>>> print(open('entry-v4.cif').read())   # mmCIF, C-alpha atoms
data_final
#
loop_
_atom_site.group_PDB
_atom_site.id
_atom_site.type_symbol
_atom_site.label_atom_id
_atom_site.label_comp_id
_atom_site.auth_asym_id
_atom_site.auth_seq_id
_atom_site.Cartn_x
_atom_site.Cartn_y
_atom_site.Cartn_z
ATOM 1 C CA MET V 1 166.290 -16.471 185.778
ATOM 2 C CA ARG V 2 162.577 -16.012 186.551
ATOM 3 C CA ASN V 3 163.225 -16.913 190.177
ATOM 4 C CA LYS V 4 165.162 -13.650 190.493
ATOM 5 C CA ILE V 5 162.038 -11.592 189.884
ATOM 6 C CA VAL V 6 160.708 -9.683 192.903
ATOM 7 C CA LEU V 7 157.170 -8.381 192.449
ATOM 8 C CA GLY V 8 156.837 -4.718 193.328
ATOM 9 C CA THR V 9 153.424 -3.717 194.642
ATOM 10 C CA VAL V 10 153.478 0.079 194.694
ATOM 11 C CA GLN V 11 150.913 0.052 191.852
ATOM 12 C CA PHE V 12 148.536 -1.831 194.144
ATOM 13 C CA GLY V 13 148.293 1.235 196.370
ATOM 14 C CA VAL V 14 148.933 4.292 194.179
ATOM 15 C CA LYS V 15 149.198 5.278 190.525
ATOM 16 C CA TYR V 16 152.874 4.902 189.674
ATOM 17 C CA GLY V 17 155.176 5.151 186.648
ATOM 18 C CA ILE V 18 155.657 7.606 183.793
ATOM 19 C CA ASN V 19 153.615 5.461 181.365
ATOM 20 C CA ASN V 20 150.858 4.413 183.758
ATOM 21 C CA THR V 21 147.517 5.360 182.219
ATOM 22 C CA SER V 22 145.336 2.811 183.992
ATOM 23 C CA GLY V 23 145.779 4.037 187.558
ATOM 24 C CA GLN V 24 145.848 1.886 190.672
ATOM 25 C CA VAL V 25 145.502 -1.887 190.115
ATOM 26 C CA ASN V 26 142.137 -3.263 191.314
ATOM 27 C CA LEU V 27 141.827 -6.165 193.747
ATOM 28 C CA ASP V 28 140.689 -8.777 191.198
ATOM 29 C CA GLU V 29 143.670 -7.988 189.025
ATOM 30 C CA VAL V 30 145.996 -8.125 192.026
ATOM 31 C CA CYS V 31 144.711 -11.646 192.757
ATOM 32 C CA LYS V 32 145.443 -12.736 189.177
ATOM 33 C CA ILE V 33 148.935 -11.241 189.382
ATOM 34 C CA LEU V 34 149.683 -13.093 192.631
ATOM 35 C CA GLU V 35 148.325 -16.361 191.268
ATOM 36 C CA ILE V 36 150.562 -16.184 188.197
ATOM 37 C CA SER V 37 153.519 -15.082 190.316
ATOM 38 C CA LYS V 38 153.261 -18.131 192.536
ATOM 39 C CA MET V 39 152.889 -20.496 189.593
ATOM 40 C CA GLU V 40 155.964 -18.994 187.917
ATOM 41 C CA GLY V 41 158.212 -19.249 190.958
ATOM 42 C CA ILE V 42 158.172 -15.645 192.158
ATOM 43 C CA ASN V 43 158.617 -15.856 195.920
ATOM 44 C CA ILE V 44 159.218 -12.281 197.103
ATOM 45 C CA LEU V 45 156.814 -9.335 197.205
ATOM 46 C CA ASP V 46 158.004 -5.796 197.869
ATOM 47 C CA THR V 47 155.820 -3.179 199.529
ATOM 48 C CA SER V 48 155.877 -0.290 202.028
ATOM 49 C CA SER V 49 153.555 1.437 204.438
ATOM 50 C CA ALA V 50 154.272 4.542 202.343
ATOM 51 C CA TYR V 51 152.683 3.018 199.214
ATOM 52 C CA GLY V 52 149.152 4.237 199.810
ATOM 53 C CA THR V 53 146.851 1.258 200.360
ATOM 54 C CA SER V 54 149.324 -1.285 198.970
ATOM 55 C CA GLU V 55 149.686 -3.276 202.203
ATOM 56 C CA VAL V 56 145.922 -3.387 202.729
ATOM 57 C CA VAL V 57 145.189 -4.531 199.159
ATOM 58 C CA LEU V 58 148.018 -7.030 199.268
ATOM 59 C CA GLY V 59 146.756 -8.475 202.551
ATOM 60 C CA GLU V 60 143.247 -8.892 201.137
ATOM 61 C CA ALA V 61 144.558 -10.554 197.989
ATOM 62 C CA LEU V 62 146.797 -12.921 199.934
ATOM 63 C CA LYS V 63 143.845 -13.972 202.071
ATOM 64 C CA MET V 64 141.663 -14.555 198.999
ATOM 65 C CA ASN V 65 144.395 -16.522 197.197
ATOM 66 C CA SER V 66 145.543 -18.459 200.275
ATOM 67 C CA THR V 67 149.097 -18.087 198.951
ATOM 68 C CA GLN V 68 152.293 -17.427 200.859
ATOM 69 C CA PHE V 69 155.187 -15.225 199.810
ATOM 70 C CA ASN V 70 158.267 -13.759 201.423
ATOM 71 C CA ILE V 71 157.373 -10.099 201.974
ATOM 72 C CA VAL V 72 159.699 -7.124 202.174
ATOM 73 C CA SER V 73 158.225 -3.916 203.553
ATOM 74 C CA LYS V 74 159.734 -0.595 204.600
ATOM 75 C CA TYR V 75 159.699 1.861 207.469
ATOM 76 C CA PRO V 76 159.205 5.383 206.065
ATOM 77 C CA ARG V 77 159.679 8.830 207.532
ATOM 78 C CA CYS V 78 156.923 9.032 210.129
ATOM 79 C CA GLU V 79 156.133 9.943 213.726
ATOM 80 C CA GLU V 80 155.182 6.399 214.756
ATOM 81 C CA SER V 81 157.839 4.121 216.255
ATOM 82 C CA VAL V 82 159.446 1.347 214.223
ATOM 83 C CA ARG V 83 157.686 -1.309 216.292
ATOM 84 C CA SER V 84 154.288 0.342 215.984
ATOM 85 C CA THR V 85 154.655 0.821 212.217
ATOM 86 C CA PHE V 86 155.911 -2.730 211.782
ATOM 87 C CA GLU V 87 153.023 -4.202 213.779
ATOM 88 C CA ASN V 88 150.590 -2.120 211.741
ATOM 89 C CA SER V 89 152.145 -3.401 208.507
ATOM 90 C CA ILE V 90 152.014 -7.096 209.391
ATOM 91 C CA GLY V 91 148.437 -6.597 210.588
ATOM 92 C CA LYS V 92 147.412 -5.180 207.216
ATOM 93 C CA LEU V 93 149.318 -7.903 205.399
ATOM 94 C CA GLY V 94 147.859 -10.670 207.550
ATOM 95 C CA VAL V 95 151.252 -12.191 208.385
ATOM 96 C CA ASP V 96 153.212 -12.834 211.585
ATOM 97 C CA SER V 97 156.643 -11.841 210.325
ATOM 98 C CA LEU V 98 158.473 -10.302 207.369
ATOM 99 C CA TYR V 99 161.287 -11.600 205.210
ATOM 100 C CA GLY V 100 162.777 -8.121 205.017
ATOM 101 C CA TYR V 101 162.245 -4.708 206.591
ATOM 102 C CA LEU V 102 164.045 -1.726 205.135
ATOM 103 C CA VAL V 103 164.616 1.893 206.063
ATOM 104 C CA HIS V 104 162.651 3.632 203.323
ATOM 105 C CA HIS V 105 163.982 7.202 203.595
ATOM 106 C CA PHE V 106 167.706 7.403 204.222
ATOM 107 C CA ASP V 107 167.725 11.048 205.280
ATOM 108 C CA PHE V 108 165.311 10.138 208.080
ATOM 109 C CA TYR V 109 167.737 7.415 209.230
ATOM 110 C CA GLN V 110 170.549 9.965 209.293
ATOM 111 C CA GLU V 111 168.420 12.143 211.563
ATOM 112 C CA LYS V 112 167.320 9.248 213.805
ATOM 113 C CA GLN V 113 169.851 6.441 213.576
ATOM 114 C CA GLU V 114 168.240 4.646 216.504
ATOM 115 C CA ILE V 115 165.468 3.479 214.181
ATOM 116 C CA PHE V 116 167.817 0.881 212.709
ATOM 117 C CA ASP V 117 168.598 -0.409 216.186
ATOM 118 C CA GLU V 118 164.837 -0.831 216.699
ATOM 119 C CA MET V 119 164.583 -2.762 213.440
ATOM 120 C CA THR V 120 167.489 -4.970 214.477
ATOM 121 C CA ALA V 121 165.729 -5.656 217.790
ATOM 122 C CA LEU V 122 162.697 -6.933 215.864
ATOM 123 C CA LYS V 123 165.021 -9.148 213.838
ATOM 124 C CA ASN V 124 166.525 -10.551 217.034
ATOM 125 C CA GLU V 125 162.991 -11.369 218.211
ATOM 126 C CA GLY V 126 162.482 -13.468 215.080
ATOM 127 C CA LYS V 127 159.887 -11.132 213.564
ATOM 128 C CA ILE V 128 162.117 -10.089 210.657
ATOM 129 C CA LYS V 129 164.600 -12.277 208.800
ATOM 130 C CA LYS V 130 166.627 -9.507 207.161
ATOM 131 C CA VAL V 131 166.985 -5.786 207.865
ATOM 132 C CA GLY V 132 168.478 -3.159 205.612
ATOM 133 C CA PHE V 133 168.045 -0.020 203.588
ATOM 134 C CA SER V 134 166.439 1.302 200.433
ATOM 135 C CA LEU V 135 169.102 3.508 198.846
ATOM 136 C CA TYR V 136 169.104 6.095 196.081
ATOM 137 C CA ASN V 137 172.768 6.948 195.593
ATOM 138 C CA VAL V 138 176.221 5.517 196.302
ATOM 139 C CA GLU V 139 176.972 8.254 198.826
ATOM 140 C CA GLN V 140 174.340 6.704 201.088
ATOM 141 C CA LEU V 141 175.951 3.286 200.737
ATOM 142 C CA GLN V 142 179.387 4.701 201.463
ATOM 143 C CA TYR V 143 177.959 6.375 204.576
ATOM 144 C CA LEU V 144 176.918 2.941 205.871
ATOM 145 C CA LEU V 145 180.166 1.236 204.917
ATOM 146 C CA ASP V 146 182.311 3.947 206.506
ATOM 147 C CA ARG V 147 180.457 3.504 209.803
ATOM 148 C CA GLY V 148 180.479 -0.271 209.775
ATOM 149 C CA VAL V 149 176.680 -0.570 209.881
ATOM 150 C CA LYS V 150 175.611 -4.227 209.776
ATOM 151 C CA PHE V 151 172.767 -4.896 207.322
ATOM 152 C CA ASP V 152 171.470 -7.977 205.520
ATOM 153 C CA LEU V 153 169.480 -6.590 202.600
ATOM 154 C CA LEU V 154 169.846 -3.616 200.293
ATOM 155 C CA GLN V 155 167.582 -2.291 197.565
ATOM 156 C CA PHE V 156 168.829 0.273 195.074
ATOM 157 C CA PRO V 157 168.309 1.410 191.461
ATOM 158 C CA TYR V 158 170.155 -0.486 188.746
ATOM 159 C CA ASN V 159 169.514 -0.519 185.009
ATOM 160 C CA ILE V 160 171.201 -0.128 181.647
ATOM 161 C CA PHE V 161 171.488 3.652 182.170
ATOM 162 C CA ASP V 162 172.147 3.647 185.912
ATOM 163 C CA LYS V 163 175.160 1.518 186.882
ATOM 164 C CA ARG V 164 176.383 3.619 189.800
ATOM 165 C CA PHE V 165 176.144 0.778 192.354
ATOM 166 C CA GLU V 166 177.717 -1.872 190.127
ATOM 167 C CA PRO V 167 181.309 -1.492 191.416
ATOM 168 C CA TYR V 168 180.122 -2.147 194.979
ATOM 169 C CA MET V 169 178.180 -5.318 194.237
ATOM 170 C CA PRO V 170 180.957 -7.944 194.596
ATOM 171 C CA GLU V 171 182.017 -6.445 197.936
ATOM 172 C CA LEU V 172 178.437 -6.484 199.201
ATOM 173 C CA VAL V 173 177.975 -10.121 198.186
ATOM 174 C CA ASP V 174 181.207 -11.006 200.006
ATOM 175 C CA MET V 175 179.724 -9.328 203.087
ATOM 176 C CA GLY V 176 176.723 -11.637 202.845
ATOM 177 C CA VAL V 177 174.353 -8.862 201.775
ATOM 178 C CA GLU V 178 171.326 -9.776 199.657
ATOM 179 C CA ILE V 179 170.956 -7.320 196.766
ATOM 180 C CA HIS V 180 167.571 -6.357 195.348
ATOM 181 C CA THR V 181 167.569 -3.891 192.480
ATOM 182 C CA ARG V 182 164.723 -1.683 191.311
ATOM 183 C CA SER V 183 163.994 0.575 188.340
ATOM 184 C CA ALA V 184 165.027 -1.989 185.719
ATOM 185 C CA PHE V 185 162.947 -0.045 183.181
ATOM 186 C CA LEU V 186 163.681 3.362 184.754
ATOM 187 C CA GLN V 187 160.005 3.670 185.716
ATOM 188 C CA GLY V 188 158.988 3.052 182.097
ATOM 189 C CA LEU V 189 161.126 5.809 180.605
ATOM 190 C CA PHE V 190 162.884 3.316 178.306
ATOM 191 C CA PHE V 191 159.608 2.724 176.433
ATOM 192 C CA LYS V 192 158.485 6.322 176.095
ATOM 193 C CA ASP V 193 158.134 7.978 172.689
ATOM 194 C CA THR V 194 161.124 10.314 172.732
ATOM 195 C CA ASN V 195 159.196 12.921 170.743
ATOM 196 C CA THR V 196 156.902 13.356 173.754
ATOM 197 C CA LEU V 197 159.626 13.853 176.373
ATOM 198 C CA SER V 198 159.262 16.801 178.689
ATOM 199 C CA GLU V 199 161.813 19.598 178.427
ATOM 200 C CA ARG V 200 163.371 18.365 181.655
ATOM 201 C CA LEU V 201 164.019 14.926 180.149
ATOM 202 C CA MET V 202 165.189 16.091 176.724
ATOM 203 C CA PRO V 203 168.894 15.597 177.638
ATOM 204 C CA LEU V 204 168.154 11.847 177.645
ATOM 205 C CA LYS V 205 166.597 11.822 174.164
ATOM 206 C CA ASN V 206 169.746 10.850 172.256
ATOM 207 C CA TYR V 207 170.499 8.022 174.690
ATOM 208 C CA LEU V 208 166.953 6.685 174.371
ATOM 209 C CA ASP V 209 166.919 6.980 170.590
ATOM 210 C CA ASP V 210 170.213 5.098 170.419
ATOM 211 C CA LEU V 211 168.824 2.414 172.742
ATOM 212 C CA HIS V 212 165.735 1.946 170.559
ATOM 213 C CA HIS V 213 167.896 1.856 167.421
ATOM 214 C CA TYR V 214 170.229 -0.772 168.901
ATOM 215 C CA CYS V 215 167.371 -3.009 169.985
ATOM 216 C CA SER V 216 165.723 -2.738 166.586
ATOM 217 C CA ASN V 217 168.927 -3.718 164.810
ATOM 218 C CA ARG V 218 169.521 -6.642 167.181
ATOM 219 C CA GLY V 219 165.954 -7.910 166.959
ATOM 220 C CA LEU V 220 165.519 -7.458 170.699
ATOM 221 C CA SER V 221 162.828 -5.647 172.604
ATOM 222 C CA VAL V 222 163.870 -2.919 175.015
ATOM 223 C CA GLU V 223 162.323 -5.058 177.785
ATOM 224 C CA GLN V 224 164.575 -7.997 176.868
ATOM 225 C CA LEU V 225 167.711 -5.888 176.932
ATOM 226 C CA ALA V 226 166.819 -3.972 180.085
ATOM 227 C CA LEU V 227 165.569 -6.826 182.269
ATOM 228 C CA GLY V 228 168.033 -9.313 180.831
ATOM 229 C CA TYR V 229 170.941 -7.105 181.828
ATOM 230 C CA VAL V 230 169.820 -6.810 185.429
ATOM 231 C CA ILE V 231 168.988 -10.452 186.078
ATOM 232 C CA SER V 232 172.142 -11.690 184.324
ATOM 233 C CA ASN V 233 174.283 -9.969 186.966
ATOM 234 C CA PRO V 234 175.305 -12.771 189.374
ATOM 235 C CA SER V 235 175.419 -10.327 192.304
ATOM 236 C CA VAL V 236 171.730 -9.486 191.936
ATOM 237 C CA LYS V 237 169.556 -11.794 194.039
ATOM 238 C CA GLY V 238 166.278 -10.044 193.244
ATOM 239 C CA ALA V 239 165.197 -7.811 190.355
ATOM 240 C CA LEU V 240 162.188 -5.753 191.363
ATOM 241 C CA ILE V 241 159.519 -5.113 188.729
ATOM 242 C CA GLY V 242 156.077 -3.596 189.067
ATOM 243 C CA VAL V 243 153.153 -4.386 186.795
ATOM 244 C CA ASP V 244 149.753 -2.810 186.080
ATOM 245 C CA ASN V 245 148.041 -6.072 185.037
ATOM 246 C CA HIS V 246 148.628 -9.811 184.754
ATOM 247 C CA GLU V 247 149.274 -9.643 181.003
ATOM 248 C CA GLN V 248 152.179 -7.305 181.678
ATOM 249 C CA LEU V 249 153.546 -9.744 184.256
ATOM 250 C CA GLU V 250 153.340 -12.643 181.806
ATOM 251 C CA ALA V 251 155.149 -10.566 179.184
ATOM 252 C CA ASN V 252 157.903 -9.690 181.643
ATOM 253 C CA LEU V 253 158.310 -13.327 182.614
ATOM 254 C CA MET V 254 158.785 -14.241 178.960
ATOM 255 C CA VAL V 255 161.401 -11.504 178.676
ATOM 256 C CA ALA V 256 163.216 -12.870 181.727
ATOM 257 C CA SER V 257 163.919 -16.104 179.824
ATOM 258 C CA VAL V 258 166.038 -14.385 177.161
ATOM 259 C CA ASN V 259 169.836 -14.674 177.378
ATOM 260 C CA LEU V 260 171.836 -11.653 176.227
ATOM 261 C CA SER V 261 174.958 -11.935 174.073
ATOM 262 C CA HIS V 262 178.422 -10.559 174.907
ATOM 263 C CA GLU V 263 177.734 -7.899 172.275
ATOM 264 C CA ASP V 264 174.653 -6.773 174.186
ATOM 265 C CA ILE V 265 176.534 -6.624 177.486
ATOM 266 C CA ASP V 266 179.358 -4.674 175.865
ATOM 267 C CA TYR V 267 176.898 -2.200 174.380
ATOM 268 C CA ILE V 268 175.309 -1.560 177.752
ATOM 269 C CA SER V 269 178.670 -1.304 179.504
ATOM 270 C CA ASN V 270 179.606 1.551 177.175
ATOM 271 C CA ILE V 271 176.484 3.614 177.928
ATOM 272 C CA ASP V 272 177.590 6.562 180.041
ATOM 273 C CA ILE V 273 174.843 9.015 180.973
ATOM 274 C CA LYS V 274 176.332 12.450 181.591
ATOM 275 C CA GLU V 275 173.236 13.921 183.207
ATOM 276 C CA LYS V 276 173.438 11.764 186.351
ATOM 277 C CA ALA V 277 170.744 13.755 188.172
ATOM 278 C CA LEU V 278 168.152 12.548 185.639
ATOM 279 C CA LEU V 279 168.758 8.948 186.652
ATOM 280 C CA ASN V 280 166.673 9.699 189.735
ATOM 281 C CA PRO V 281 162.963 10.113 188.859
ATOM 282 C CA VAL V 282 162.620 12.530 191.778
ATOM 283 C CA ASN V 283 164.418 15.046 189.553
ATOM 284 C CA TRP V 284 162.114 14.626 186.555
ATOM 285 C CA ASN V 285 159.614 17.319 187.587
#
>>> encode(input="entry-v4.cif", output="structure tokens")
Amino acid sequence: MRNKIVLGTVQFGVKYGINNTSGQVNLDEVCKILEISKMEGINILDTSSAYGTSEVVLGEALKMNSTQFNIVSKYPRCEESVRSTFENSIGKLGVDSLYGYLVHHFDFYQEKQEIFDEMTALKNEGKIKKVGFSLYNVEQLQYLLDRGVKFDLLQFPYNIFDKRFEPYMPELVDMGVEIHTRSAFLQGLFFKDTNTLSERLMPLKNYLDDLHHYCSNRGLSVEQLALGYVISNPSVKGALIGVDNHEQLEANLMVASVNLSHEDIDYISNIDIKEKALLNPVNWN
């Protein structure tokens, strides 16, 4: 199951995550993370030109490590053309092509749908293997399906609290779409001391307390339950995780080797978060 891990690199360019106290990952640590990733069979890195200096740091680390990965980057809301932004990204990364290139901000695509045609043109030139979208809700996916948009790769949130996209997964796989999921740990919220939750997040306290109680009784860590659930889904080709240091990566890789029981899967299947808006970290502030 470790080969399903996709390494997220947002932390390489900005401070990210509700439990991040160490800030942006430094270059030496990035090199260690990439070295371990390659040894453990992780083949895909995920980044974006919107992630601060992530592409620059990643490019420097790749040059220092002399390692090769499949890289997925994203085109964000910006004034530059798709081609110009893409060329800038591969220049920073020190590569000639990308495995995947995604529309980062869906509302921008809805305003300027020609940007996806420009991405598809780059794919037809052999500069991108797969084009697609980074999504945040099922309404965005339905928008694409209703209009018959042809895409190869999708990234969307999926975790033990957020199963909104799950019913669509078999259909997407049948369409030949590669599915990458993110937010397996809900940006670290699953590990937070529930007595320190902000007022905005208090409606999730009972769910989190119950999750911690279940894991304790089962002798599982929250990481094992959360990551195990995502990577055990046969429709998921890549499970995106971000790390702040190489020790955290090694711990996550150990977690990825744990097989969940039917009891665990049943428990997760019965979790039904009523406050759906809080499944999107954008709404936490």
>>> resolve_selection(input="entry-v4.cif", expression="the PyMOL selection byres ((chain V and resi 166) around 12)", output="PyMOL selection string")
chain V and resi 137-138+141+156-165+167-173+179+181+229-230+233-236+269
>>> resolve_selection(input="entry-v4.cif", expression="the PyMOL selection byres ((chain V and resi 267) around 12)", output="ChimeraX atom specification")
/V:160-161,210-211,214-215,218,225-226,229,260-266,268-272
>>> closest_residue(input="entry-v4.cif", among="V:Arg182, V:Lys92, V:Arg77, V:Lys123", to="Phe106 (chain V)", atoms="only C-alpha atoms")
V:Arg77
>>> closest_residue(input="entry-v4.cif", among="V:Lys112, V:Val72, V:Leu62, V:Cys78", to="Ser48 (chain V)", atoms="only C-alpha atoms")
V:Val72
>>> residues_around(input="entry-v4.cif", residues="Glu79 (chain V)", least_positions_apart="6", cutoff="12 Å", atoms="all atoms listed in the file", output="PDB file with C-alpha atoms, in the frame of the given file")
ATOM      1  CA  THR V  85     154.655   0.821 212.217  1.00  0.00           C
ATOM      2  CA  PHE V 108     165.311  10.138 208.080  1.00  0.00           C
ATOM      3  CA  LYS V 112     167.320   9.248 213.805  1.00  0.00           C
ATOM      4  CA  ILE V 115     165.468   3.479 214.181  1.00  0.00           C
TER       5      ILE V 115
END
>>> closest_residue(input="entry-v4.cif", among="V:Leu27, V:Asp209, V:Gln113, V:Lys237", to="Arg147 (chain V)", atoms="all atoms listed in the file")
V:Gln113
>>> resolve_selection(input="entry-v4.cif", expression="the PyMOL selection byres ((chain V and resi 73) around 10)", output="number ranges by chain")
V: 45-51, 55, 71-72, 74-76, 86, 89-90, 93, 98-104, 131
>>> atom_distance(input="entry-v4.cif", atom1="CA of Gly176 (chain V)", atom2="CA of Met1 (chain V)")
20.6 Å
>>> closest_residue(input="entry-v4.cif", among="V:Met254, V:Ile42, V:Ile128, V:Leu197", to="Val6 (chain V)", atoms="all atoms listed in the file")
V:Ile42
>>> atom_distance(input="entry-v4.cif", atom1="CA of Phe69 (chain V)", atom2="CA of Glu178 (chain V)")
17.0 Å
>>> closest_residue(input="entry-v4.cif", among="V:Arg200, V:Ile5, V:Gly94, V:Gln11", to="Asn285 (chain V)", atoms="all atoms listed in the file")
V:Arg200
>>> atom_distance(input="entry-v4.cif", atom1="CA of Leu227 (chain V)", atom2="CA of Glu40 (chain V)")
16.5 Å
>>> closest_residue(input="entry-v4.cif", among="V:Gly91, V:Gly41, V:Gly13, V:Gly238", to="Ser183 (chain V)", atoms="all atoms listed in the file")
V:Gly238
>>> residues_around(input="entry-v4.cif", residues="Ser66 (chain V)", least_positions_apart="4", cutoff="12 Å", atoms="all atoms listed in the file", output="CSV table (one decimal) with C-alpha atoms, keeping the file's coordinate frame")
chain,number,residue,atom,x,y,z
V,31,CYS,CA,144.7,-11.6,192.8
V,34,LEU,CA,149.7,-13.1,192.6
V,35,GLU,CA,148.3,-16.4,191.3
V,38,LYS,CA,153.3,-18.1,192.5
V,58,LEU,CA,148.0,-7.0,199.3
V,59,GLY,CA,146.8,-8.5,202.6
V,60,GLU,CA,143.2,-8.9,201.1
V,61,ALA,CA,144.6,-10.6,198.0
V,62,LEU,CA,146.8,-12.9,199.9
V,94,GLY,CA,147.9,-10.7,207.6
V,95,VAL,CA,151.3,-12.2,208.4
>>> axis_aligned_box(input="entry-v4.cif", around="region 156-159 of chain V", padding_each_side="4 Å", output="AutoDock Vina command-line options")
--center_x 169.2 --center_y 0.4 --center_z 190.0 --size_x 9.8 --size_y 9.9 --size_z 18.1
>>> residues_around(input="entry-v4.cif", residues="Thr194 (chain V)", least_positions_apart="5", cutoff="9 Å", atoms="all atoms listed in the file", output="VMD selection string")
chain V and resid 202 204 to 206 208 to 209
>>> write_last_selection(input="entry-v4.cif", atoms="C-alpha atoms", output="mmCIF file, keeping the file's coordinate frame")
data_model
loop_
_atom_site.group_PDB
_atom_site.id
_atom_site.type_symbol
_atom_site.label_atom_id
_atom_site.label_comp_id
_atom_site.auth_asym_id
_atom_site.auth_seq_id
_atom_site.Cartn_x
_atom_site.Cartn_y
_atom_site.Cartn_z
ATOM 1 C CA MET V 202 165.189 16.091 176.724
ATOM 2 C CA LEU V 204 168.154 11.847 177.645
ATOM 3 C CA LYS V 205 166.597 11.822 174.164
ATOM 4 C CA ASN V 206 169.746 10.850 172.256
ATOM 5 C CA LEU V 208 166.953 6.685 174.371
ATOM 6 C CA ASP V 209 166.919 6.980 170.590
#
